[in-house]
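Engineer: Sharing a structure, written as structure tokens. Questions coming.
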Amino acid sequence: FNEDSLAFEFDETNLMRANKFPGFDLYEGGQRLNTGLRATVRYDNGFNGTVLVGRSFRREQDDVFTLRTGLRPKASDWVIAARADMPGVSAYVRSRLDNDTGAVRRFEAGADVSKRWGSGSIRYLRDNLDISGVKQENLDARGQLNLTKNWAVSVYGARDLRTDVWRRRDIGVVYTDDCVRVELIYQRQDQFTNTPLGRTLRNNDSVVVRLTLATLGG
């Protein structure tokens with residue numbers, strides 16, 4: 001059974017790998033050439049940026065890859081990625097372009113902030129065909145505001161831009177020390193359900209307690 005490679009995405013992180021599939025369920029075979037060009041700039045003030053462009057070529061079409069991955073043809077889709085980092089702030093953009101038309105098949109952009117007073121992140125994703133075979137466009141954002149050395153409040157939101165619905169919203173209280181992190185979270189999930197009258201949007205509210213140990217994880 002294929003379990004490890006169901007959520008496989010072709011991007012800059014696996015462009016140069018001999019076997020691009022994660023795990024051991026599927027293996028990339030045949031003669032192929034992975035190519036890429038990377039440019040990096042660094043400054044004394046801590047800023048650095050990187051841009052990468054690449055694609056793969058293979059001697060024969062490999063049907064082990066699904067069409068949505070962009071790796072089945074002899075010439076793969078184009079992979080383009082850029083990243084910028086400075087003290088406490090980082091941002092990235094990655095995209096996959098159709099090998100024939102140059103059309104954007106997948107686009108992702110995000111930013112992260114980590115400061116003494118707290119942290120936050122935002123991520124936008126548009127995929128013409130996800131692993132479920134449907135188009136998706138969503139926005140995720142999270143943040144944490146430190147009130148004291150040990151106490152903080154956190155928020156999280158995930159919005160489906162295609163249906164214009166908040167899929168999930170969290171607000172929580174966080175306690176952290178050198179050994180443990182404890183979160184008490186109120187969570188609301190919005191889900192469509194099929195009824196005799198059509199699709200209905202319903203809310204699912206819950207309270208979650210999350211415990212993370214510094215040495216063992218969550």
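Chain labels run A, B, ... following the order of the structure tokens; each chain numbers its residues from 1, and ligands are numbered from 1 in the order shown.
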Dump as a Markdown table the rows for residues of range 35-149 of chain A within 9 Å of range 153-169 of chain A: closest atom pair and distance in Å with one decimal, only C-alpha atoms counted, ordered by chain and rising residue number.
Structural biologist:
```
| residue | atom | partner | partner_atom | distance |
| --- | --- | --- | --- | --- |
| A:Lys135 | CA | A:Arg162 | CA | 8.6 |
| A:Gln136 | CA | A:Arg162 | CA | 6.8 |
| A:Glu137 | CA | A:Leu161 | CA | 5.5 |
| A:Asn138 | CA | A:Asp160 | CA | 4.6 |
| A:Leu139 | CA | A:Arg159 | CA | 5.2 |
| A:Asp140 | CA | A:Ala158 | CA | 4.4 |
| A:Ala141 | CA | A:Gly157 | CA | 5.4 |
| A:Arg142 | CA | A:Tyr156 | CA | 4.2 |
| A:Gly143 | CA | A:Val155 | CA | 5.4 |
| A:Gln144 | CA | A:Ser154 | CA | 4.3 |
| A:Leu145 | CA | A:Val153 | CA | 5.5 |
| A:Asn146 | CA | A:Val153 | CA | 6.7 |
| A:Leu147 | CA | A:Val153 | CA | 7.4 |
```
Engineer: Find the spatial neighbours of Gly30 in chain A, counting only C-alpha atoms, within a cut-off of 12 Å - ignore same-chain residues fewer than 4 positions away - and output them as a PyMOL selection string.
Structural biologist: chain A and resi 18-19+57-64+72+74
Engineer: Chain A: which residues are strand (DSSP E or B) by DSSP, as JSON, numbers by chain?
Structural biologist: {"A": [32, 33, 34, 35, 36, 37, 38, 39, 40, 41, 42, 48, 49, 50, 51, 52, 53, 54, 55, 56, 57, 58, 75, 78, 79, 80, 81, 82, 83, 84, 85, 86, 89, 90, 91, 92, 93, 94, 95, 96, 97, 104, 105, 106, 107, 108, 109, 110, 111, 112, 113, 114, 115, 118, 119, 120, 121, 122, 123, 124, 125, 126, 127, 136, 137, 138, 139, 140, 141, 142, 143, 144, 145, 146, 151, 152, 153, 154, 155, 156, 157, 158, 159, 160, 165, 166, 167, 168, 169, 170, 171, 172, 173, 174, 175, 176, 180, 181, 182, 183, 184, 185, 186, 187, 188, 189, 190, 191, 192, 193, 194, 195, 198, 199, 200, 201, 202, 203, 204, 205, 206, 207, 208, 209, 210, 211, 212, 213, 217]}
Engineer: Skipping near chain neighbours, those fewer than 3 positions away, what residues fall within 9 Å of Val173 in chain A using only C-alpha atoms, listed as a VMD selection string?
Structural biologist: chain A and resid 151 to 154 182 to 185
Engineer: How many Å separate CA of Tyr43 in chain A from CA of Arg83 in chain A?
Structural biologist: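 So the answer is 14.4 Å.
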Engineer: State, in Å with one decimal place, the distance from CA of Pro87 in chain A to CA of Ala39 in chain A.
Structural biologist: 20.3 Å
Engineer: If we count only C-alpha atoms and set the cut-off at 9 Å, which residues sit around Gly133 in chain A, ignoring sequence neighbours fewer than 4 positions away in its own chain? Please answer as a PyMOL selection string.
Structural biologist: chain A and resi 68+128-129
Engineer: Would you put the residues from that selection into a file with N, CA, C and O atoms, as an mmCIF file, in the first residue's frame?
Structural biologist:
```cif
data_model
loop_
_atom_site.group_PDB
_atom_site.id
_atom_site.type_symbol
_atom_site.label_atom_id
_atom_site.label_comp_id
_atom_site.auth_asym_id
_atom_site.auth_seq_id
_atom_site.Cartn_x
_atom_site.Cartn_y
_atom_site.Cartn_z
ATOM 1 N N ARG A 68 -0.646 15.288 -11.345
ATOM 2 C CA ARG A 68 -0.640 16.523 -10.552
ATOM 3 C C ARG A 68 0.755 16.877 -10.013
ATOM 4 O O ARG A 68 1.002 18.022 -9.663
ATOM 5 N N ASN A 128 -3.783 24.073 -7.933
ATOM 6 C CA ASN A 128 -4.777 23.761 -8.954
ATOM 7 C C ASN A 128 -5.355 22.363 -8.811
ATOM 8 O O ASN A 128 -6.476 22.100 -9.258
ATOM 9 N N LEU A 129 -4.594 21.461 -8.185
ATOM 10 C CA LEU A 129 -5.065 20.083 -8.002
ATOM 11 C C LEU A 129 -4.331 19.492 -6.813
ATOM 12 O O LEU A 129 -3.155 19.169 -6.908
#
```
Engineer: Just want the 12 Å neighbourhood of Thr13 in chain A, counted on only C-alpha atoms, with same-chain residues fewer than 3 positions away dropped. Output as number ranges by chain.
Structural biologist: A: 8-10, 16-17, 19-22, 36, 52-54, 79-82, 94
Engineer: Have a look at A:Leu201, A:Ala111, A:Leu71, A:Ile122 and name the one nearest to Asp98 in chain A; count only C-alpha atoms.
Structural biologist: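 Checking each candidate against Asp98 in chain A, we get A:Leu71 as the closest.
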